[in-house]
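Next comes target_27.cif, with mmCIF, C-alpha atoms and all ligand atoms.
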data_data
#
loop_
_atom_site.label_atom_id
_atom_site.label_comp_id
_atom_site.auth_asym_id
_atom_site.auth_seq_id
_atom_site.Cartn_x
_atom_site.Cartn_y
_atom_site.Cartn_z
CA MET A 23 -16.27 -21.37 45.02
CA THR A 24 -15.03 -24.65 43.57
CA LYS A 25 -14.74 -24.64 39.84
CA GLU A 26 -14.54 -27.81 37.82
CA LEU A 27 -13.46 -28.50 34.30
CA VAL A 28 -14.11 -31.77 32.53
CA ILE A 29 -12.19 -32.36 29.31
CA VAL A 30 -11.39 -35.23 26.98
CA ARG A 31 -8.32 -37.03 28.33
CA PRO A 32 -5.27 -35.23 26.89
CA ASP A 33 -2.46 -36.58 24.73
CA ASP A 34 1.16 -35.45 24.75
CA TRP A 35 2.47 -35.07 21.22
CA HIS A 36 6.15 -34.79 22.22
CA LEU A 37 7.53 -36.68 25.21
CA HIS A 38 10.89 -38.00 26.42
CA LEU A 39 10.55 -41.08 28.62
CA ARG A 40 14.25 -42.07 28.61
CA ASP A 41 14.97 -45.73 29.43
CA LYS A 42 15.91 -48.35 32.03
CA ASP A 43 15.64 -47.20 35.69
CA LEU A 44 13.81 -44.00 34.75
CA LEU A 45 10.97 -45.66 32.86
CA PRO A 46 8.88 -46.72 35.88
CA ILE A 47 8.87 -43.06 36.95
CA THR A 48 8.47 -41.21 33.66
CA VAL A 49 5.87 -43.55 32.17
CA ASN A 50 3.60 -43.45 35.19
CA GLU A 51 3.90 -39.69 35.70
CA SER A 52 2.64 -39.17 32.16
CA ALA A 53 0.04 -41.93 32.31
CA LYS A 54 -1.70 -40.23 35.25
CA SER A 55 -2.95 -37.47 32.95
CA PHE A 56 -2.29 -38.52 29.36
CA ALA A 57 -3.84 -41.26 27.26
CA ARG A 58 -1.17 -41.30 24.55
CA ALA A 59 2.14 -39.70 23.78
CA ILE A 60 4.48 -39.39 20.84
CA ILE A 61 7.64 -40.94 22.24
CA MET A 62 10.88 -39.25 21.28
CA PRO A 63 13.55 -41.60 19.94
CA ASN A 64 16.70 -39.77 21.14
CA LEU A 65 17.99 -42.54 23.37
CA ILE A 66 21.62 -43.65 23.39
CA PRO A 67 21.80 -45.34 20.92
CA PRO A 68 18.83 -43.74 19.14
CA ILE A 69 15.75 -45.63 17.96
CA THR A 70 16.59 -45.89 14.27
CA LYS A 71 15.12 -49.30 13.43
CA LEU A 72 11.63 -50.75 13.72
CA ILE A 73 12.91 -53.50 15.96
CA ASP A 74 14.29 -50.86 18.36
CA ALA A 75 10.92 -49.10 18.41
CA LYS A 76 9.08 -52.35 19.09
CA ASN A 77 11.43 -53.29 21.94
CA TYR A 78 11.34 -49.80 23.45
CA LYS A 79 7.53 -49.91 23.39
CA LYS A 80 7.64 -53.23 25.26
CA ARG A 81 9.90 -51.74 27.93
CA ILE A 82 7.55 -48.79 28.29
CA MET A 83 4.51 -51.05 28.68
CA ASN A 84 6.33 -53.23 31.20
CA ALA A 85 6.99 -50.12 33.29
CA LEU A 86 3.33 -49.07 33.34
CA LYS A 87 1.45 -49.63 36.61
CA PRO A 88 -1.40 -52.12 36.16
CA ASN A 89 -4.06 -49.62 37.26
CA LEU A 90 -3.10 -47.11 34.57
CA SER A 91 -3.51 -47.17 30.81
CA PHE A 92 -1.21 -45.48 28.34
CA ASN A 93 -0.56 -45.83 24.65
CA PRO A 94 2.98 -44.90 23.58
CA LEU A 95 3.06 -43.83 19.92
CA MET A 96 6.50 -44.70 18.70
CA THR A 97 8.76 -42.73 16.37
CA LEU A 98 11.87 -43.48 14.33
CA TYR A 99 14.94 -41.27 14.58
CA LEU A 100 15.78 -40.12 11.07
CA THR A 101 19.40 -40.52 10.00
CA GLU A 102 21.00 -40.09 6.60
CA GLU A 103 21.04 -43.89 6.36
CA THR A 104 17.34 -44.51 7.15
CA GLU A 105 15.70 -46.62 4.45
CA PRO A 106 12.38 -45.49 2.94
CA THR A 107 11.17 -49.11 3.09
CA GLU A 108 11.72 -49.20 6.86
CA VAL A 109 9.62 -46.08 7.33
CA LYS A 110 6.93 -47.32 4.97
CA GLU A 111 6.66 -50.70 6.65
CA GLY A 112 6.72 -49.17 10.13
CA PHE A 113 4.05 -46.58 9.43
CA LEU A 114 1.69 -48.76 7.43
CA SER A 115 1.87 -51.55 10.03
CA GLY A 116 1.24 -49.09 12.89
CA VAL A 117 4.56 -49.73 14.64
CA ILE A 118 5.45 -46.04 14.32
CA SER A 119 3.22 -42.99 14.20
CA ALA A 120 5.83 -40.48 12.99
CA VAL A 121 9.47 -39.92 12.10
CA LYS A 122 11.64 -37.47 14.03
CA LEU A 123 14.13 -35.19 12.30
CA TYR A 124 16.95 -33.80 14.42
CA PRO A 125 19.47 -31.58 12.67
CA ALA A 126 22.76 -33.15 13.86
CA GLY A 127 23.97 -31.40 17.00
CA ALA A 128 20.80 -29.36 17.60
CA THR A 129 19.96 -30.85 21.00
CA THR A 130 20.37 -33.73 23.47
CA ASN A 131 21.51 -36.94 21.71
CA SER A 132 21.12 -35.54 18.22
CA GLN A 133 24.62 -36.43 16.98
CA SER A 134 23.23 -39.12 14.66
CA GLY A 135 20.79 -36.67 13.10
CA VAL A 136 20.78 -35.12 9.66
CA ARG A 137 23.67 -33.00 8.34
CA ASN A 138 22.85 -32.95 4.64
CA PHE A 139 19.15 -32.43 4.00
CA GLU A 140 19.53 -33.50 0.36
CA LYS A 141 20.20 -37.04 1.58
CA ILE A 142 16.79 -37.47 3.20
CA LYS A 143 14.79 -36.53 0.10
CA PRO A 144 13.77 -40.13 -0.75
CA ILE A 145 12.45 -40.57 2.79
CA LEU A 146 10.47 -37.36 2.69
CA GLU A 147 8.99 -38.33 -0.65
CA THR A 148 7.88 -41.71 0.75
CA MET A 149 6.47 -40.11 3.88
CA ALA A 150 4.47 -37.60 1.85
CA GLU A 151 3.10 -40.48 -0.24
CA ILE A 152 1.97 -42.61 2.70
CA GLY A 153 0.87 -39.75 5.00
CA CYS A 154 3.50 -40.35 7.68
CA PRO A 155 3.99 -37.22 9.82
CA LEU A 156 7.45 -35.67 10.19
CA CYS A 157 8.27 -34.16 13.58
CA ILE A 158 10.99 -31.56 13.23
CA HIS A 159 13.35 -30.04 15.76
CA GLY A 160 13.47 -26.71 13.96
CA GLU A 161 16.81 -25.12 14.72
CA VAL A 162 19.90 -24.64 12.61
CA THR A 163 23.11 -25.88 14.16
CA ASP A 164 25.57 -23.41 12.62
CA THR A 165 27.47 -22.10 15.64
CA LYS A 166 27.84 -18.73 13.93
CA ILE A 167 24.08 -18.22 14.18
CA ASP A 168 23.00 -16.67 17.45
CA ILE A 169 21.20 -19.26 19.59
CA PHE A 170 18.14 -17.00 19.90
CA ASP A 171 17.85 -16.84 16.08
CA ARG A 172 18.28 -20.52 15.27
CA GLU A 173 14.58 -21.29 14.93
CA LYS A 174 13.88 -18.35 12.64
CA VAL A 175 16.88 -19.14 10.44
CA PHE A 176 15.82 -22.81 10.25
CA ILE A 177 12.39 -21.79 8.96
CA ASN A 178 13.91 -19.61 6.27
CA THR A 179 16.78 -21.82 5.17
CA VAL A 180 15.56 -25.40 5.71
CA LEU A 181 11.93 -25.81 6.61
CA ASP A 182 10.42 -23.64 3.94
CA LYS A 183 12.35 -25.52 1.29
CA ILE A 184 11.18 -28.90 2.58
CA ARG A 185 7.59 -27.65 2.57
CA THR A 186 7.85 -26.23 -0.91
CA ASP A 187 9.31 -29.49 -2.22
CA TYR A 188 6.74 -31.66 -0.38
CA PRO A 189 3.55 -29.65 0.19
CA THR A 190 1.58 -32.80 1.03
CA LEU A 191 4.04 -33.94 3.70
CA LYS A 192 2.54 -33.61 7.19
CA VAL A 193 5.00 -31.54 9.18
CA ILE A 194 4.93 -30.80 12.90
CA MET A 195 7.23 -28.02 13.91
CA GLU A 196 8.07 -29.16 17.38
CA HIS A 197 8.24 -27.03 20.54
CA ILE A 198 8.01 -23.69 18.75
CA THR A 199 9.39 -20.71 20.64
CA THR A 200 9.03 -17.63 18.45
CA LYS A 201 6.47 -15.31 16.90
CA ASP A 202 8.21 -16.10 13.61
CA ALA A 203 7.28 -19.76 13.98
CA VAL A 204 3.70 -18.91 14.99
CA ASP A 205 3.31 -16.70 11.91
CA TYR A 206 4.89 -19.32 9.67
CA VAL A 207 2.60 -22.08 10.95
CA PHE A 208 -0.50 -19.90 10.55
CA SER A 209 0.55 -19.07 6.99
CA GLY A 210 1.10 -22.70 5.99
CA ASN A 211 -1.38 -25.13 4.48
CA GLU A 212 -3.33 -27.74 6.46
CA ASN A 213 -0.30 -30.07 6.45
CA LEU A 214 1.68 -27.80 8.74
CA ALA A 215 1.14 -27.72 12.51
CA ALA A 216 3.16 -27.07 15.66
CA THR A 217 3.49 -28.35 19.18
CA VAL A 218 3.91 -25.93 22.04
CA THR A 219 5.34 -26.83 25.45
CA THR A 220 4.14 -25.95 28.92
CA HIS A 221 7.40 -24.24 29.78
CA HIS A 222 7.55 -22.05 26.68
CA LEU A 223 4.07 -20.79 27.58
CA SER A 224 5.19 -20.11 31.16
CA ILE A 225 8.63 -18.48 31.09
CA ASN A 226 10.76 -16.12 29.03
CA ARG A 227 14.49 -15.53 28.81
CA ASN A 228 14.45 -13.10 31.74
CA ASP A 229 13.15 -15.91 33.92
CA LEU A 230 16.06 -18.04 32.73
CA LEU A 231 18.83 -15.49 33.04
CA SER A 232 17.91 -12.45 35.12
CA GLY A 233 18.98 -12.37 38.77
CA GLY A 234 20.92 -15.62 38.44
CA ILE A 235 20.97 -18.45 35.95
CA ARG A 236 18.16 -20.98 36.46
CA PRO A 237 19.33 -24.34 35.09
CA HIS A 238 15.87 -25.86 35.49
CA PHE A 239 14.50 -23.30 33.03
CA TYR A 240 17.12 -24.24 30.43
CA CYS A 241 15.79 -26.22 27.51
CA LEU A 242 16.17 -26.31 23.76
CA PRO A 243 15.06 -24.44 21.81
CA VAL A 244 16.00 -21.90 24.48
CA VAL A 245 13.22 -19.66 25.82
CA LYS A 246 12.99 -16.31 24.05
CA ARG A 247 11.83 -12.73 24.69
CA GLU A 248 8.43 -12.01 26.22
CA ILE A 249 6.95 -10.94 22.84
CA HIS A 250 7.55 -14.47 21.61
CA ARG A 251 5.94 -16.08 24.67
CA LEU A 252 2.92 -13.82 24.13
CA ALA A 253 2.70 -14.90 20.48
CA LEU A 254 2.70 -18.55 21.57
CA LEU A 255 -0.03 -17.83 24.11
CA GLU A 256 -2.15 -16.08 21.52
CA ALA A 257 -1.75 -18.99 19.14
CA VAL A 258 -2.75 -21.69 21.62
CA VAL A 259 -5.78 -19.85 22.99
CA SER A 260 -6.96 -19.01 19.46
CA GLY A 261 -8.30 -22.56 19.17
CA SER A 262 -6.60 -22.94 15.77
CA PRO A 263 -6.31 -26.65 14.90
CA LYS A 264 -2.66 -26.05 13.97
CA PHE A 265 -1.41 -25.85 17.57
CA PHE A 266 -1.40 -28.63 20.13
CA LEU A 267 0.36 -29.72 23.28
CA GLY A 268 3.70 -31.44 23.11
CA THR A 269 5.13 -31.08 26.60
CA ASP A 270 8.70 -31.95 25.60
CA SER A 271 8.94 -33.15 29.19
CA ALA A 272 12.63 -34.08 29.20
CA PRO A 273 14.03 -35.28 32.51
CA HIS A 274 17.69 -34.90 33.36
CA LEU A 275 19.19 -35.68 36.75
CA ASP A 276 19.77 -32.58 38.87
CA HIS A 277 23.52 -33.08 38.93
CA ASP A 278 23.54 -33.04 35.11
CA LYS A 279 21.53 -29.82 34.95
CA GLU A 280 23.20 -28.01 37.83
CA SER A 281 26.67 -28.26 36.37
CA SER A 282 29.24 -26.15 34.54
CA CYS A 283 27.73 -27.44 31.27
CA GLY A 284 24.13 -28.14 32.20
CA CYS A 285 21.81 -30.32 30.11
CA ALA A 286 18.81 -28.87 28.29
CA GLY A 287 15.33 -30.05 29.22
CA CYS A 288 12.46 -29.30 31.62
CA PHE A 289 10.51 -32.05 33.39
CA THR A 290 6.86 -31.03 33.16
CA ALA A 291 4.97 -34.33 32.99
CA THR A 292 3.87 -34.10 36.63
CA ASN A 293 2.09 -30.74 36.60
CA THR A 294 1.55 -29.74 32.98
CA LEU A 295 -2.24 -29.77 33.02
CA GLU A 296 -2.43 -27.82 36.26
CA ILE A 297 -0.11 -25.16 34.85
CA LEU A 298 -1.97 -25.00 31.55
CA ALA A 299 -5.36 -24.63 33.25
CA HIS A 300 -3.97 -21.64 35.14
CA ILE A 301 -2.56 -20.08 31.97
CA PHE A 302 -5.68 -20.62 29.89
CA GLU A 303 -7.89 -19.26 32.68
CA GLU A 304 -5.72 -16.15 32.93
CA GLN A 305 -6.23 -15.67 29.20
CA LYS A 306 -9.99 -16.13 29.69
CA ALA A 307 -9.76 -19.11 27.40
CA LEU A 308 -10.46 -22.13 29.59
CA ASP A 309 -12.94 -23.22 26.93
CA LYS A 310 -10.01 -23.63 24.48
CA LEU A 311 -7.88 -25.82 26.76
CA GLU A 312 -9.45 -29.05 25.55
CA LEU A 313 -8.76 -28.23 21.90
CA PHE A 314 -5.10 -27.67 22.69
CA THR A 315 -4.58 -30.67 24.96
CA SER A 316 -6.99 -33.27 23.64
CA ILE A 317 -8.44 -32.59 20.19
CA ASN A 318 -6.18 -30.73 17.75
CA GLY A 319 -3.25 -33.14 17.94
CA ALA A 320 -5.36 -36.26 17.49
CA LYS A 321 -7.01 -34.73 14.43
CA PHE A 322 -3.72 -33.70 12.85
CA TYR A 323 -2.22 -37.15 13.40
CA GLY A 324 -5.39 -38.77 12.08
CA LYS A 325 -6.00 -40.60 15.36
CA LYS A 326 -9.28 -41.13 17.22
CA ILE A 327 -10.14 -38.61 19.90
CA ASN A 328 -9.96 -40.27 23.32
CA SER A 329 -13.30 -41.42 24.68
CA ASP A 330 -12.60 -40.96 28.38
CA LYS A 331 -12.46 -37.66 30.26
CA ILE A 332 -10.49 -36.12 33.08
CA LYS A 333 -11.63 -33.62 35.66
CA LEU A 334 -9.67 -30.61 36.85
CA ILE A 335 -10.74 -28.96 40.09
CA LYS A 336 -9.89 -25.43 41.14
CA LYS A 337 -8.99 -25.35 44.81
CA ASN A 338 -9.23 -22.40 47.16
CA LYS A 339 -5.49 -22.47 47.76
CA PRO A 340 -2.49 -22.94 45.47
CA VAL A 341 -1.70 -26.59 44.82
CA ARG A 342 1.71 -27.75 46.03
CA PHE A 343 3.67 -30.19 43.93
CA PRO A 344 6.74 -32.03 45.13
CA GLU A 345 9.85 -30.11 44.13
CA LYS A 346 11.73 -33.21 43.11
CA ILE A 347 11.19 -36.76 42.14
CA SER A 348 13.61 -39.43 43.37
CA THR A 349 15.04 -41.93 40.95
CA PRO A 350 17.54 -44.74 41.51
CA ASN A 351 20.14 -42.51 39.83
CA GLY A 352 19.48 -39.24 41.65
CA GLU A 353 16.84 -36.54 41.85
CA ILE A 354 14.96 -34.79 39.07
CA THR A 355 13.49 -31.33 39.60
CA ILE A 356 9.88 -30.84 38.60
CA PHE A 357 9.32 -27.69 36.54
CA LYS A 358 8.02 -24.89 38.74
CA PRO A 359 6.94 -21.68 37.01
CA LYS A 360 7.03 -18.37 38.85
CA PHE A 361 3.27 -18.40 39.36
CA GLU A 362 1.17 -20.80 41.35
CA THR A 363 -1.82 -22.77 40.17
CA LYS A 364 -4.97 -23.63 42.07
CA TRP A 365 -5.95 -26.27 39.55
CA GLN A 366 -5.50 -29.95 40.15
CA VAL A 367 -6.22 -33.01 38.08
CA GLN A 368 -8.52 -35.32 39.97
CA VAL A 369 -7.02 -38.80 39.96
C1 LIG A 401 15.41 -32.67 24.96
C2 LIG A 401 16.09 -33.83 25.68
O1 LIG A 401 16.66 -33.61 26.76
O2 LIG A 401 16.05 -34.95 25.18
N1 LIG A 401 15.84 -31.43 25.54
C3 LIG A 401 15.22 -30.24 25.48
O3 LIG A 401 15.76 -29.24 25.98
N2 LIG A 401 14.07 -30.10 24.89
C4 LIG A 401 15.67 -32.75 23.49
C5 LIG A 401 14.81 -31.86 22.64
O4 LIG A 401 13.64 -32.13 22.45
O5 LIG A 401 15.33 -30.88 22.11
ZN ZN A 402 12.08 -32.93 22.99
#

Render the structure in this file as structure tokens.
Amino acid sequence: MTKELVIVRPDDWHLHLRDKDLLPITVNESAKSFARAIIMPNLIPPITKLIDAKNYKKRIMNALKPNLSFNPLMTLYLTEETEPTEVKEGFLSGVISAVKLYPAGATTNSQSGVRNFEKIKPILETMAEIGCPLCIHGEVTDTKIDIFDREKVFINTVLDKIRTDYPTLKVIMEHITTKDAVDYVFSGNENLAATVTTHHLSINRNDLLSGGIRPHFYCLPVVKREIHRLALLEAVVSGSPKFFLGTDSAPHLDHDKESSCGCAGCFTATNTLEILAHIFEEQKALDKLELFTSINGAKFYGKKINSDKIKLIKKNKPVRFPEKISTPNGEITIFKPKFETKWQVQV
């Protein structure tokens, strides 16, 4: 029997579109399903100034096919030199919707990020005052800390301090991966929320490492034990307004991922909603999918909920997605979990 699900058009609250030749591909893959996305600023060089954000937005809009609509919500990359006035002007004029904090060295193109958290205090104070959300890559970068513990240690040594100092600052803990983060977000006030990715809901560290290393399952923060994946699942199907979708779809060319030092990032823009419908149905929580993909994030960011809808149809057979997408610079592998989905977005 065909099943249908109609939901408010989703938003993606954490997305990497990259630049130049890749834009016509990444932008349109996301625009097929998503109305808006928070655009990550970790380009080379990063988007640290309002003028960079404005120009990047223009390039994104120029890459959008005329039959699609998409609203990129721009962010500024926080450095120790960022001026509070720049953030204030950018947020109040609507040029940016958030500021992104990368601890220096935590992930792809994060070298210009923050080393000394004391230095960003004036920015955080301004952001708390004007209501500008702070998106945080929540991992410590100390190489002595085990990579599987970096999120937990960040919560205890950095994040909790920021939140105690600025309880009115809107904080999004991005792409959470642990039960520790889920518990921390649940325990926080209404100014604390988290994004969860498609891949962290789909795979655990066995999928990444057991029976051979799977470079296309490698992302940061790295996937954890099954108990952590289950905690993420429980959080997203709970319907709590504190959890919403940020795909962290982060394309890298296959030759950069399948290498002796492979890049971190999973490309999930193409099939995220199909995968999520499968996961939520398995959890008997299809009725909570819309909250996660289309409602909670908009409310937290103080944005209008989208007025249009999308329809997902459940087919009789598993839906096949292309394995790769071709770009002028090489191929990109589309994330493929170990399960199949019968759901498909009707375009
Ligand atoms: C992202 C990228 O490639 O830009 N990679 C990733 O594994 N998630 C950066 C990030 O969000 O950490
Ligand atoms: Zn990311």

- Item | Residue nearest ligand ZN 402 (chain A) - candidates A:Thr217, A:Asn84, A:Asn89, A:Ser209, atoms counted: only C-alpha atoms and all ligand atoms |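 Under the stated criterion, the closest residue is A:Thr217.
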
- Within 6 Å of file point (-3.3, -19.9, 44.5), counting all atoms listed in the file, expressed as a list in words: Lys339, Pro340, Glu362, Thr363 and Lys364 of chain A

- How many Å lie between atom CA of Asp276 of chain A and atom CA of Leu86 of chain A, rounded to one decimal? 23.9 Å

- Hey, what's within 7 Å of Cys154 of chain A if we count all atoms listed in the file and toss same-chain stuff fewer than 4 positions away? As a PyMOL selection string, please? chain A and resi 113+120+149-150+192

- Query: Given the choices A:Leu95, A:His36, A:Thr104, A:Lys143, which gets closest to Met195 of chain A if the distance is worked out from only C-alpha atoms?
  - Reply: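 That would be A:His36, the residue with the smallest distance to Met195 of chain A.
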
Write out as a tab-separated table the residues of segment 141-225 of chain A that have any atom within 12 Å of an atom of segment 52-73 of chain A, one row each with the nearest atom pair and its distance in Å to one decimal, counting all atoms listed in the file, sorted by chain and then rising number.
residue	atom	partner	partner_atom	distance
A:Pro155	CA	A:Ile60	CA	11.2
A:Leu156	CA	A:Ile60	CA	11.7
A:Cys157	CA	A:Met62	CA	9.6
A:Ile158	CA	A:Met62	CA	11.1
A:His159	CA	A:Met62	CA	11.0
A:Ile194	CA	A:Ile60	CA	11.7
A:Glu196	CA	A:Met62	CA	11.2
A:Thr217	CA	A:Ile60	CA	11.2

- Message: Show me which residues line ligand ZN 402 (chain A), defined as having an atom within 9 Å of a ligand atom where only C-alpha atoms and all ligand atoms count, and present them as JSON, numbers by chain.
- Response: {"A": [36, 37, 38, 62, 64, 129, 130, 159, 196, 197, 241, 242, 268, 269, 270, 271, 272, 287]}

- Message: Let me make sure I understand: among A:Thr107, A:Ser132, A:Ser260, A:Thr101, which one has the smallest atom-to-atom distance to ligand LIG 401 (chain A) if we use all atoms listed in the file?
- Response: A:Ser132

- Exercise: residues within 9 Å of coordinate (12.3, -18.7, 35.7), counting all atoms listed in the file, as a list in words: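 With a cut-off of 9 Å, the residues come to Ser224, Ile225, Asn226, Arg227, Asn228, Asp229, Leu230, Leu231, Ser232, Ile235, Arg236, His238, Phe239, Lys358, Pro359 and Lys360 of chain A.
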
- Task: Go ahead and compute the interatomic distance for atom CA of Phe139 of chain A and atom O4 of ligand LIG 401 (chain A), in Å to one decimal.
- Result: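 Interatomic distance, atom CA of Phe139 of chain A to atom O4 of ligand LIG 401 (chain A): 19.3 Å.
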
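Between atom CA of Thr163 of chain A and atom CA of Cys288 of chain A the separation is 20.7 Å.
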
- Task: Find the residues near segment 319-322 of chain A: any atom within 10 Å, counting all atoms listed in the file, skip ones fewer than 6 places away on the same chain, and give them as a list in words.
- Result: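 Counting all atoms listed in the file, the residues come to Pro32, Asp33, Asp34, Trp35, Arg58, Pro155, Lys192, Val193, Ile194, Glu212, Asn213, Leu214, Ala215, Ala216, Thr217, Pro263, Lys264, Phe265, Phe266, Leu267, Gly268, Leu313 and Asn328 of chain A.
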
- Query: Which one is closest to ligand LIG 401 (chain A): A:Cys285, A:Val30, A:Leu252, A:Ile152? Count only C-alpha atoms and all ligand atoms.
  - Reply: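 Nearest candidate to ligand LIG 401 (chain A) out of A:Cys285, A:Val30, A:Leu252, A:Ile152: A:Cys285.
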
- Task: Considering all atoms listed in the file, state which residue in the set A:Pro344, A:Pro350, A:Gly160, A:Gly116 is at the smallest distance from ligand LIG 401 (chain A).
- Result: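 Nearest candidate to ligand LIG 401 (chain A) out of A:Pro344, A:Pro350, A:Gly160, A:Gly116: A:Gly160.
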
- Rank A:Ala253, A:Leu275, A:Ile301, A:Val369 by their smallest atom-to-atom distance to Pro237 of chain A, using all atoms listed in the file, and report the top residue only.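 Nearest to Pro237 of chain A: A:Leu275.
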
Give the padded box for segment 277-284 of chain A as lines of an AutoDock Vina configuration file: axis-aligned, covering all atoms listed in the file, 5 Å on each side, centre and edge lengths in Å to one decimal.
center_x = 25.4
center_y = -29.6
center_z = 35.1
size_x = 17.7
size_y = 16.9
size_z = 17.7
